[in-house]
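**Student:** Got final.txt for you, compact mmCIF, C-alpha atoms:
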# COMPACT_ATOMS: atom_id res chain seq x y z
CA MET P 1 34.29 10.06 -7.79
CA SER P 2 32.32 10.11 -11.04
CA THR P 3 29.38 12.06 -12.37
CA TRP P 4 26.20 10.30 -13.41
CA LYS P 5 27.23 10.85 -17.04
CA GLU P 6 30.58 9.12 -16.47
CA PHE P 7 28.80 6.26 -14.68
CA SER P 8 26.38 5.94 -17.61
CA GLU P 9 29.28 5.76 -20.06
CA GLN P 10 31.26 3.22 -18.00
CA ALA P 11 28.36 0.95 -17.01
CA PRO P 12 25.41 1.77 -19.31
CA GLU P 13 23.21 -1.23 -18.48
CA LEU P 14 23.56 -0.80 -14.73
CA ALA P 15 23.07 2.97 -14.98
CA GLN P 16 19.91 2.43 -17.01
CA ALA P 17 18.56 -0.08 -14.46
CA ILE P 18 19.31 2.24 -11.53
CA ALA P 19 17.83 5.23 -13.36
CA ALA P 20 14.65 3.20 -13.90
CA ARG P 21 14.43 2.55 -10.15
CA LEU P 22 14.98 6.23 -9.34
CA GLN P 23 12.32 7.24 -11.86
CA ALA P 24 9.78 4.56 -10.88
CA HIS P 25 8.90 6.38 -7.66
CA LYS P 26 9.16 10.02 -6.68
CA HIS P 27 10.39 9.65 -3.08
CA HIS P 28 13.62 8.01 -1.93
CA VAL P 29 15.72 7.88 1.25
CA LEU P 30 18.87 9.99 1.64
CA ALA P 31 21.43 9.30 4.37
CA THR P 32 23.69 12.16 5.47
CA LEU P 33 25.96 12.75 8.45
CA ARG P 34 25.01 15.01 11.34
CA ARG P 35 27.53 17.36 12.94
CA ASP P 36 28.34 14.70 15.58
CA GLY P 37 28.92 12.05 12.89
CA SER P 38 25.73 10.10 13.52
CA PRO P 39 23.53 9.26 10.54
CA ARG P 40 20.43 11.17 9.48
CA VAL P 41 17.89 9.82 6.98
CA SER P 42 15.60 12.12 5.05
CA GLY P 43 13.00 11.67 2.38
CA THR P 44 14.09 13.24 -0.88
CA GLU P 45 13.47 13.49 -4.59
CA VAL P 46 16.19 13.24 -7.22
CA GLU P 47 16.35 13.88 -10.95
CA ILE P 48 18.77 12.98 -13.69
CA VAL P 49 19.31 16.19 -15.64
CA ASP P 50 21.87 16.68 -18.43
CA GLY P 51 24.07 13.84 -17.22
CA ARG P 52 23.86 14.91 -13.57
CA LEU P 53 22.15 13.19 -10.65
CA VAL P 54 20.73 16.14 -8.73
CA LEU P 55 18.87 16.71 -5.49
CA GLY P 56 17.01 19.85 -4.50
CA SER P 57 16.27 21.01 -0.98
CA MET P 58 14.43 23.77 0.81
CA PRO P 59 16.69 26.53 2.13
CA GLY P 60 18.25 25.65 5.46
CA ALA P 61 16.91 22.07 5.55
CA MET P 62 18.92 19.77 7.79
CA LYS P 63 19.92 17.48 4.90
CA ALA P 64 21.26 20.52 3.01
CA ARG P 65 23.20 21.69 6.07
CA ASP P 66 24.59 18.19 6.52
CA LEU P 67 25.76 18.05 2.89
CA GLN P 68 27.30 21.51 3.07
CA ARG P 69 29.30 20.51 6.14
CA ASP P 70 30.15 16.92 5.08
CA PRO P 71 29.34 16.01 1.48
CA ARG P 72 29.17 12.24 2.01
CA TYR P 73 25.79 10.71 1.26
CA ALA P 74 24.03 7.46 0.47
CA LEU P 75 20.79 7.29 -1.51
CA HIS P 76 18.41 4.32 -1.42
CA SER P 77 15.73 4.11 -4.08
CA ASN P 78 12.15 3.46 -3.13
CA PRO P 79 11.87 -0.29 -3.77
CA GLY P 80 8.13 -0.17 -4.43
CA HIS P 81 5.24 -1.83 -2.71
CA HIS P 82 6.09 -5.39 -1.63
CA SER P 83 8.11 -6.04 -4.75
CA MET P 84 11.70 -6.23 -5.91
CA THR P 85 10.63 -5.83 -9.53
CA GLY P 86 13.45 -3.99 -11.26
CA GLY P 87 15.73 -4.39 -8.25
CA ASP P 88 16.75 -2.34 -5.26
CA ALA P 89 19.11 0.54 -6.14
CA LYS P 90 21.61 2.36 -3.95
CA VAL P 91 24.25 4.96 -4.81
CA ALA P 92 26.77 6.68 -2.56
CA GLY P 93 29.41 9.33 -2.91
CA ARG P 94 29.82 13.06 -2.35
CA ALA P 95 27.42 15.92 -3.02
CA ARG P 96 28.47 19.27 -4.51
CA GLU P 97 26.23 22.29 -4.16
CA LEU P 98 25.59 24.02 -7.48
CA HIS P 99 25.50 27.80 -7.74
CA ASP P 100 24.91 30.66 -10.17
CA ASP P 101 24.96 29.83 -13.90
CA VAL P 102 25.40 26.08 -13.43
CA LYS P 103 22.47 25.95 -11.00
CA ALA P 104 20.32 28.07 -13.34
CA ALA P 105 21.12 25.84 -16.33
CA VAL P 106 20.31 22.64 -14.45
CA LEU P 107 17.04 24.07 -13.12
CA ALA P 108 16.08 25.23 -16.63
CA ALA P 109 16.55 21.66 -17.89
CA TYR P 110 14.48 20.02 -15.12
CA PRO P 111 11.83 17.65 -16.50
CA GLU P 112 9.10 19.18 -14.34
CA GLU P 113 8.38 22.64 -13.01
CA VAL P 114 10.56 23.74 -10.11
CA PRO P 115 8.80 25.64 -7.32
CA PRO P 116 9.74 29.33 -7.33
CA GLY P 117 11.95 30.79 -4.65
CA PRO P 118 15.27 29.99 -3.08
CA MET P 119 16.53 26.44 -2.86
CA HIS P 120 19.69 24.38 -2.52
CA LEU P 121 20.68 22.24 -5.49
CA PHE P 122 23.29 19.50 -5.18
CA GLU P 123 24.93 17.30 -7.79
CA LEU P 124 25.47 13.82 -6.42
CA ASP P 125 28.81 12.39 -7.56
CA LEU P 126 29.17 8.64 -7.28
CA ALA P 127 31.75 6.53 -5.47
CA GLU P 128 29.64 3.41 -5.99
CA ALA P 129 26.37 2.20 -7.42
CA VAL P 130 24.62 -1.03 -6.46
CA LEU P 131 21.61 -2.86 -7.82
CA THR P 132 20.29 -5.83 -5.87
CA SER P 133 17.84 -8.14 -7.61
CA VAL P 134 16.32 -11.56 -6.99
CA ASP P 135 14.88 -14.44 -8.91
CA GLU P 136 13.40 -17.74 -7.73
CA GLU P 137 16.80 -19.12 -6.71
CA HIS P 138 19.32 -16.35 -6.18
CA LEU P 139 20.03 -12.85 -4.98
CA TYR P 140 22.25 -10.80 -7.31
CA VAL P 141 24.31 -7.79 -6.31
CA ASP P 142 25.74 -5.72 -9.17
CA LEU P 143 28.40 -3.30 -7.92
CA TRP P 144 30.12 -0.51 -9.86
CA ARG P 145 32.91 1.79 -8.72
CA PRO P 146 34.58 4.49 -10.83
CA GLY P 147 37.14 3.12 -13.28
CA ALA P 148 36.12 -0.50 -12.67
CA THR P 149 33.85 -2.92 -14.47
CA VAL P 150 30.59 -4.04 -12.90
CA GLU P 151 31.09 -6.91 -10.46
CA ARG P 152 28.27 -9.38 -9.89
CA PHE P 153 27.91 -11.29 -6.64
CA VAL P 154 25.48 -14.21 -6.50
CA ARG P 155 24.06 -15.56 -3.27
Will you turn the file into structure tokens for me?
**Tutor:**
Amino acid sequence: MSTWKEFSEQAPELAQAIAARLQAHKHHVLATLRRDGSPRVSGTEVEIVDGRLVLGSMPGAMKARDLQRDPRYALHSNPGHHSMTGGDAKVAGRARELHDDVKAAVLAAYPEEVPPGPMHLFELDLAEAVLTSVDEEHLYVDLWRPGATVERFVR
């Protein structure tokens, strides 16, 4: 597992491209695991703050409960309206809930105002990051895993 900062250091071009996809649109799709092991998808927002990929949630939300019970997640960026411009980004790994001073520091560094009141805040560590892109002739899949170089698959 790696932090967003470690990913950015190991694969800067891919991290920059995936960050652009995550920042191009506000809403993305998060997959978590329900208590019975079946998948749940939820709309979510993420931010990259001080080298961390973070996700906030309302208190007691099902996605937060899922992550507290089983930290495995997958996040799919909003690909935009009828376009693959910039690619289609996905990351997966394990979420860690942030508390106390760490949570306060991350919230203080948020790029936009955080609603007042209680909330869950998770750091999303990465087990893999994928960017899928297309041109007139090919589909490209760029895959990164911690400690490895970016692999490109062409179809």
**Student:** Can you pull out every residue within 7 Å of Arg96 in chain P, counting all atoms listed in the file, but drop anything in the same chain fewer than 5 positions away, and send it as a PyMOL selection string?
**Tutor:** chain P and resi 71+122-124
**Student:** Which residue gives the smallest distance to Ala89 in chain P among P:Thr132, P:Ser57, P:Thr3, P:Ser42, with only C-alpha atoms counted?
**Tutor:**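 Closest to Ala89 in chain P, using only C-alpha atoms: P:Thr132.
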**Student:** What's the separation between CA of Val41 in chain P and CA of Val29 in chain P, in Å to one decimal place?
**Tutor:** 6.4 Å
**Student:** What is the CA of Ala64 in chain P-CA of Glu45 in chain P distance in Å, reported with one decimal?
**Tutor:**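 A separation of 13.0 Å between them.
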**Student:** Between CA of Ser77 in chain P and CA of Ala108 in chain P, measure the distance and give it in Å to one decimal.
**Tutor:**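 Between CA of Ser77 in chain P and CA of Ala108 in chain P the gap works out to 24.6 Å.
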**Student:** Excluding Leu22 in chain P and any residue of its chain fewer than 3 positions from it, enumerate the residues within 10 Å of it, using only C-alpha atoms, and give them as a compact mmCIF listing (two decimals) with C-alpha atoms, in the frame of the given file.
**Tutor:**
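See out.txt below for the written result:
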# COMPACT_ATOMS: atom_id res chain seq x y z
CA GLN P 16 19.91 2.43 -17.01
CA ALA P 17 18.56 -0.08 -14.46
CA ILE P 18 19.31 2.24 -11.53
CA ALA P 19 17.83 5.23 -13.36
CA HIS P 25 8.90 6.38 -7.66
CA LYS P 26 9.16 10.02 -6.68
CA HIS P 27 10.39 9.65 -3.08
CA HIS P 28 13.62 8.01 -1.93
CA GLU P 45 13.47 13.49 -4.59
CA VAL P 46 16.19 13.24 -7.22
CA GLU P 47 16.35 13.88 -10.95
CA ILE P 48 18.77 12.98 -13.69
CA LEU P 75 20.79 7.29 -1.51
CA HIS P 76 18.41 4.32 -1.42
CA SER P 77 15.73 4.11 -4.08
CA ASN P 78 12.15 3.46 -3.13
CA PRO P 79 11.87 -0.29 -3.77
CA ASP P 88 16.75 -2.34 -5.26
CA ALA P 89 19.11 0.54 -6.14
CA LYS P 90 21.61 2.36 -3.95
**Student:** Just the residues within 12 Å of Gly37 in chain P, please, counting all atoms listed in the file, with nothing from its chain fewer than 2 positions along; format it as a PDB file with C-alpha atoms, in the coordinates of the input.
**Tutor:**
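Now in result-v5.pdb:
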ATOM      1  CA  ALA P  31      21.430   9.300   4.370  1.00  0.00           C
ATOM      2  CA  THR P  32      23.690  12.160   5.470  1.00  0.00           C
ATOM      3  CA  LEU P  33      25.960  12.750   8.450  1.00  0.00           C
ATOM      4  CA  ARG P  34      25.010  15.010  11.340  1.00  0.00           C
ATOM      5  CA  ARG P  35      27.530  17.360  12.940  1.00  0.00           C
ATOM      6  CA  PRO P  39      23.530   9.260  10.540  1.00  0.00           C
ATOM      7  CA  ARG P  40      20.430  11.170   9.480  1.00  0.00           C
ATOM      8  CA  ASP P  66      24.590  18.190   6.520  1.00  0.00           C
ATOM      9  CA  ARG P  69      29.300  20.510   6.140  1.00  0.00           C
ATOM     10  CA  ASP P  70      30.150  16.920   5.080  1.00  0.00           C
ATOM     11  CA  ARG P  72      29.170  12.240   2.010  1.00  0.00           C
TER      12      ARG P  72
END
**Student:** Restricting the calculation to only C-alpha atoms, which member of P:Leu143, P:Ala74, P:Glu136, P:Phe153 is positioned closest to Gly93 in chain P?
**Tutor:**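 Of P:Leu143, P:Ala74, P:Glu136, P:Phe153, the one nearest Gly93 in chain P, counting only C-alpha atoms, is P:Ala74.
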**Student:** Using all atoms listed in the file, which of P:Leu131, P:Val106, P:Glu112, P:Gly56 sits nearest Glu13 in chain P?
**Tutor:**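 Checking each of P:Leu131, P:Val106, P:Glu112, P:Gly56 against Glu13 in chain P, counting all atoms listed in the file, the winner is P:Leu131.
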**Student:** So, with only C-alpha atoms as the atoms that count, which of P:Met1, P:Met119, P:Val49, P:Ala95 lies closest to Trp144 in chain P?
**Tutor:** P:Met1
**Student:** Taking all atoms listed in the file into account, name the residue in P:Val154, P:Leu121, P:Val91, P:Leu126 that is nearest to Arg65 in chain P.
**Tutor:**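 Selected residue with least distance to Arg65 in chain P: P:Leu121.
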**Student:** So, with all atoms listed in the file as the atoms that count, which of P:Ala109, P:Glu128, P:Gly117, P:Asp135 lies closest to Ala148 in chain P?
**Tutor:** P:Glu128
**Student:** Residues near His138 in chain P, anyone? I mean within 9 Å using only C-alpha atoms, not counting same-chain ones fewer than 4 positions away, as a VMD selection string.
**Tutor:** chain P and resid 133 to 134 154 to 155
